[in-house]
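Asker: Compact mmCIF, C-alpha atoms, file protein-v8.txt:
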# COMPACT_ATOMS: atom_id res chain seq x y z
CA ALA A 87 -68.99 49.48 20.88
CA GLY A 88 -70.72 51.89 18.51
CA LEU A 89 -68.42 51.00 15.61
CA THR A 90 -68.91 47.28 16.25
CA SER A 91 -72.69 47.67 16.29
CA LEU A 92 -72.67 49.68 13.05
CA ALA A 93 -70.36 47.14 11.40
CA LEU A 94 -72.65 44.22 12.29
CA ALA A 95 -76.13 45.77 11.99
CA GLY A 96 -75.55 48.80 9.79
CA ASN A 97 -76.85 52.29 10.49
CA TYR A 98 -80.15 52.11 12.35
CA ALA A 99 -82.30 54.28 14.62
CA TYR A 100 -84.15 53.06 17.71
CA PHE A 101 -87.47 54.57 16.61
CA GLY A 102 -86.71 54.43 12.89
CA SER A 103 -86.20 57.42 10.61
CA SER A 104 -88.61 60.33 10.46
CA ALA A 105 -88.60 63.61 8.56
CA MET A 106 -91.36 65.40 10.49
CA SER A 107 -90.83 69.02 11.51
CA LEU A 108 -92.66 72.11 12.75
CA ALA A 109 -93.85 73.81 9.56
CA ARG A 110 -96.30 76.51 10.67
CA GLY A 111 -95.43 79.43 12.94
CA THR A 112 -98.10 78.50 15.47
CA ASP A 113 -96.61 74.99 15.71
CA TRP A 114 -93.65 76.50 17.56
CA LEU A 115 -95.89 77.37 20.49
CA ALA A 116 -95.72 73.67 21.32
CA VAL A 117 -92.00 74.08 22.12
CA PRO A 118 -92.36 76.16 25.31
CA LEU A 119 -95.56 74.34 26.29
CA CYS A 120 -93.89 70.91 26.07
CA GLY A 121 -90.82 72.30 27.80
CA VAL A 122 -92.80 73.59 30.77
CA VAL A 123 -95.09 70.56 31.15
CA GLY A 124 -92.26 68.07 30.60
CA GLY A 125 -89.99 69.93 33.00
CA LEU A 126 -92.68 70.00 35.70
CA ALA A 127 -93.49 66.31 35.34
CA GLY A 128 -89.82 65.28 35.16
CA GLY A 129 -88.91 67.41 38.16
CA LEU A 130 -91.75 65.97 40.23
CA PHE A 131 -90.74 62.42 39.30
CA SER A 132 -87.09 63.02 40.24
CA ARG A 133 -87.99 64.72 43.50
CA ALA A 134 -90.29 61.86 44.51
CA VAL A 135 -87.73 59.16 43.70
CA ILE A 136 -84.88 61.01 45.45
CA ALA A 137 -87.00 61.70 48.54
CA MET A 138 -88.08 58.07 48.81
CA ALA A 139 -84.51 56.84 48.38
CA ARG A 140 -83.28 59.07 51.20
CA GLY A 141 -86.19 58.16 53.45
CA PHE A 142 -88.37 60.14 55.83
CA LYS A 143 -87.81 60.75 59.52
CA ASN A 144 -91.41 60.06 60.53
CA PRO A 145 -93.51 56.99 61.40
CA LEU A 146 -94.37 56.37 57.74
CA GLY A 147 -90.71 56.51 56.73
CA HIS A 148 -89.74 54.11 59.54
CA ALA A 149 -92.54 51.73 58.51
CA ILE A 150 -91.36 51.70 54.89
CA LYS A 151 -87.76 51.10 55.93
CA GLY A 152 -88.77 48.41 58.40
CA HIS A 153 -90.99 46.51 55.96
CA PRO A 154 -89.38 46.85 52.51
CA LEU A 155 -91.01 43.73 51.06
CA TRP A 156 -94.51 44.83 51.99
CA PHE A 157 -93.81 48.28 50.56
CA ALA A 158 -92.52 46.72 47.33
CA PHE A 159 -95.66 44.56 47.22
CA ALA A 160 -97.86 47.68 47.57
CA CYS A 161 -95.90 49.42 44.79
CA GLY A 162 -96.28 46.38 42.54
CA LEU A 163 -100.00 46.31 43.20
CA ALA A 164 -100.21 50.01 42.28
CA VAL A 165 -98.34 49.34 39.02
CA ALA A 166 -100.73 46.47 38.23
CA ILE A 167 -103.75 48.73 38.83
CA CYS A 168 -102.29 51.36 36.50
CA GLY A 169 -101.79 48.64 33.89
CA LEU A 170 -105.35 47.38 34.18
CA ILE A 171 -106.76 50.91 33.89
CA SER A 172 -104.62 51.51 30.78
CA GLY A 173 -105.78 48.31 29.12
CA ASP A 174 -102.34 46.72 29.46
CA THR A 175 -100.64 49.45 27.40
CA ILE A 176 -98.21 50.84 30.00
CA TYR A 177 -96.34 47.65 30.91
CA GLY A 178 -92.69 47.35 29.86
CA THR A 179 -90.70 50.11 28.21
CA GLY A 180 -93.52 51.58 26.10
CA TYR A 181 -91.40 51.21 22.95
CA VAL A 182 -94.03 49.37 20.90
CA GLN A 183 -96.77 51.91 21.61
CA VAL A 184 -94.55 54.92 20.95
CA LYS A 185 -93.05 53.56 17.73
CA GLU A 186 -96.49 52.67 16.38
CA ALA A 187 -97.75 56.17 17.14
CA LEU A 188 -94.71 57.74 15.43
CA ASP A 189 -94.95 55.43 12.40
CA HIS A 190 -98.69 55.76 11.79
CA GLY A 191 -99.38 59.24 13.22
CA THR A 192 -102.01 57.90 15.61
CA PRO A 193 -102.32 59.59 19.02
CA LEU A 194 -101.56 57.61 22.15
CA PRO A 195 -104.45 57.08 24.60
CA ARG A 196 -105.14 60.22 26.63
CA ASP A 197 -104.26 58.55 29.92
CA PHE A 198 -101.12 56.82 28.61
CA GLY A 199 -98.64 59.47 29.76
CA VAL A 200 -100.13 59.92 33.23
CA LEU A 201 -100.51 56.19 33.93
CA LYS A 202 -97.02 55.45 32.58
CA LEU A 203 -95.63 58.19 34.83
CA LEU A 204 -97.40 56.76 37.89
CA ALA A 205 -96.35 53.19 37.10
CA THR A 206 -92.73 54.22 36.55
CA THR A 207 -92.74 56.17 39.80
CA PHE A 208 -94.12 53.25 41.81
CA ALA A 209 -91.60 50.90 40.18
CA ALA A 210 -88.70 53.26 40.92
CA ILE A 211 -89.55 53.87 44.59
CA SER A 212 -90.21 50.18 45.32
CA GLY A 213 -86.52 49.49 45.93
CA ILE A 214 -86.28 47.14 42.95
CA PRO A 215 -83.64 48.13 40.36
CA GLY A 216 -85.30 49.13 37.12
CA GLY A 217 -85.03 51.38 34.10
CA ILE A 218 -85.69 55.09 33.82
CA PHE A 219 -84.47 55.88 30.31
CA SER A 220 -86.95 54.04 28.05
CA PRO A 221 -89.98 54.64 30.32
CA SER A 222 -89.09 58.35 30.38
CA LEU A 223 -89.28 58.50 26.60
CA ALA A 224 -92.67 56.76 26.73
CA VAL A 225 -94.01 59.17 29.37
CA GLY A 226 -92.75 62.12 27.33
CA ALA A 227 -94.38 60.74 24.19
CA GLY A 228 -97.68 60.50 26.06
CA ILE A 229 -97.34 64.10 27.22
CA GLY A 230 -96.52 65.21 23.69
CA SER A 231 -99.47 63.31 22.27
CA ASN A 232 -101.85 65.09 24.65
CA ILE A 233 -100.34 68.51 23.88
CA ALA A 234 -100.56 67.80 20.13
CA ALA A 235 -104.34 67.72 20.51
CA LEU A 236 -104.14 71.50 21.12
CA PHE A 237 -102.34 72.02 17.78
CA HIS A 238 -104.57 70.41 15.16
CA ASP A 239 -102.36 71.26 12.18
CA ALA A 240 -99.03 70.37 13.80
CA PRO A 241 -97.47 66.98 12.95
CA LEU A 242 -98.26 64.61 15.81
CA GLY A 243 -94.84 62.95 15.70
CA ALA A 244 -93.00 66.27 15.96
CA VAL A 245 -94.90 67.29 19.10
CA MET A 246 -94.38 63.81 20.56
CA LEU A 247 -90.63 64.24 20.07
CA LEU A 248 -90.84 67.57 21.91
CA GLY A 249 -92.63 65.85 24.78
CA MET A 250 -90.04 63.06 24.87
CA VAL A 251 -87.05 65.37 25.02
CA SER A 252 -88.75 67.70 27.52
CA TYR A 253 -89.70 65.04 30.05
CA PHE A 254 -86.36 63.23 29.71
CA ALA A 255 -84.47 66.50 30.18
CA GLY A 256 -86.67 67.25 33.20
CA VAL A 257 -85.79 63.90 34.79
CA VAL A 258 -82.03 63.78 34.17
CA GLN A 259 -81.46 67.56 33.98
CA ALA A 260 -78.97 67.05 31.15
CA PRO A 261 -80.52 69.00 28.23
CA ILE A 262 -77.70 68.44 25.73
CA THR A 263 -77.74 64.70 26.36
CA ALA A 264 -81.53 64.66 26.06
CA PHE A 265 -81.89 66.36 22.69
CA VAL A 266 -78.88 64.61 21.14
CA ILE A 267 -80.20 61.18 22.15
CA VAL A 268 -83.75 61.84 20.90
CA THR A 269 -82.37 63.29 17.64
CA GLU A 270 -80.19 60.24 17.04
CA MET A 271 -82.90 57.74 18.04
CA THR A 272 -85.24 59.14 15.38
CA ASP A 273 -82.61 60.13 12.79
CA ASN A 274 -84.38 63.48 12.57
CA HIS A 275 -81.97 66.39 12.29
CA GLY A 276 -84.62 68.82 11.10
CA MET A 277 -85.95 69.04 14.67
CA VAL A 278 -82.62 69.89 16.31
CA VAL A 279 -83.42 73.53 17.09
CA PRO A 280 -86.92 73.01 18.58
CA LEU A 281 -85.72 69.94 20.52
CA MET A 282 -82.78 71.91 21.86
CA ALA A 283 -85.05 74.77 22.94
CA ALA A 284 -87.58 72.44 24.59
CA ALA A 285 -84.81 70.59 26.46
CA LEU A 286 -83.36 73.83 27.83
CA ILE A 287 -86.77 75.09 28.97
CA ALA A 288 -87.54 71.76 30.62
CA HIS A 289 -84.17 71.78 32.37
CA PHE A 290 -84.73 75.19 33.94
CA VAL A 291 -88.30 74.37 34.97
CA SER A 292 -87.20 71.07 36.50
CA ARG A 293 -84.48 72.80 38.54
CA MET A 294 -87.16 74.93 40.20
CA ILE A 295 -88.76 71.75 41.59
CA CYS A 296 -85.77 69.44 42.07
CA GLU A 297 -82.39 71.02 42.74
CA GLU A 298 -80.31 68.13 41.38
CA GLY A 299 -80.73 65.54 38.65
CA ILE A 300 -81.77 62.03 39.62
CA TYR A 301 -78.53 60.36 38.46
CA HIS A 302 -76.39 62.90 40.30
CA ALA A 303 -78.45 62.52 43.48
Take the structure from the file and write it as structure tokens.

Answerer:
Amino acid sequence: AGLTSLALAGNYAYFGSSAMSLARGTDWLAVPLCGVVGGLAGGLFSRAVIAMARGFKNPLGHAIKGHPLWFAFACGLAVAICGLISGDTIYGTGYVQVKEALDHGTPLPRDFGVLKLLATTFAAISGIPGGIFSPSLAVGAGIGSNIAALFHDAPLGAVMLLGMVSYFAGVVQAPITAFVIVTEMTDNHGMVVPLMAAALIAHFVSRMICEEGIYHA
């Protein structure tokens, strides 16, 4: 499939090509910070989704199981509220917003990551099949954008990539998969080492909150 795609469309990257990297020594402090925050957020997301899928043995759990359509309606309403608060920026995969931020070096809105995380969580627990991969990258980009505000001289795109790989690794608990995918999607091999380190940190932090990855569970 990969060879066919390359033969028809040529070599391409999902988010385009970027050459950004961590230049200054202090920029590397963003690696453990993104790893910890991304791992915490990813672990909490996975734990919530897994717990809701397995159900609760209490009146609330029985009510949700007994009225799945009403619960899905409530989750959809919550997603809509998150979208309205965000100014319609968190609907869909988040690809357009993230790519624009990476291309132009403009920070994402401060509440983008949090609202995207909440919306994705409500969508995932509603019982309606949906995606986790692309929204996870968008949530991670939002986290990275917020953390980049603490490092004024660090390239915004580089810290956003750290946030993306950290949150994704925290959700799926597959650090090698996470940093390889993000590296290939941005065609940026200069960030391999910091992305690898952030993914490993996020993986270990996530395991403290959620014992197994969401796909495995």

Asker: Please, which residues are within 8 Å of (-89.1, 62.5, 32.1) by the file's coordinates, counting all atoms listed in the file, and could they come as a ChimeraX atom specification?

Answerer: /A:124-125,127-129,131,222-223,225-226,250-258

Asker: Give me, please, the distance in Å between CA of Phe198 (chain A) and CA of His275 (chain A), quoted to one decimal.

Answerer: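 These atoms are spaced 26.9 Å apart.
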
Asker: Using all atoms listed in the file, find the one residue out of A:Ala87, A:Ala244, A:Met271, A:Val165 that sits nearest to Gly102 (chain A).

Answerer: A:Met271

Asker: Do you have the CA of Arg293 (chain A)-CA of Ile136 (chain A) distance handy?

Answerer: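 We find that CA of Arg293 (chain A) and CA of Ile136 (chain A) lie 13.7 Å from each other.
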
Asker: Could you tell me which of A:Ala283, A:Ala205, A:Ile150, A:Ala187 comes closest to Asp174 (chain A) if we count all atoms listed in the file?

Answerer: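 That would be A:Ala205, the residue with the smallest distance to Asp174 (chain A).
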
Asker: Just the number, please: distance in Å from CA of Met246 (chain A) to CA of Gly173 (chain A), one decimal.

Answerer: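 Taking CA of Met246 (chain A) and CA of Gly173 (chain A), their separation equals 21.1 Å.
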
Asker: Just want the 8 Å neighbourhood of Leu194 (chain A), counted on only C-alpha atoms, with same-chain residues fewer than 2 positions away dropped. Output as a PyMOL selection string.

Answerer: chain A and resi 183-184+187+192+196+198+228+231-232

Asker: Could you work out an axis-aligned box for region 148-159 of chain A, taking every atom the file lists and adding 5 Å on each side, and report centre and edge lengths in Å to one decimal, as JSON?

Answerer:
{"center_x": -91.7, "center_y": 48.9, "center_z": 53.4, "size_x": 17.9, "size_y": 20.4, "size_z": 22.3}

Asker: Write out as a Markdown table a residue-level contact list of region 167-277 of chain A versus region 109-114 of chain A with cut-off 9 Å: for each qualifying residue the closest pair of atoms and the distance in Å to one decimal, counting only C-alpha atoms, rows sorted by chain and residue number upward.

Answerer:
| residue | atom | partner | partner_atom | distance |
| --- | --- | --- | --- | --- |
| A:Phe237 | CA | A:Asp113 | CA | 6.8 |
| A:Asp239 | CA | A:Asp113 | CA | 7.7 |
| A:Ala240 | CA | A:Asp113 | CA | 5.6 |
| A:Pro241 | CA | A:Ala109 | CA | 8.4 |
| A:Val245 | CA | A:Asp113 | CA | 8.6 |
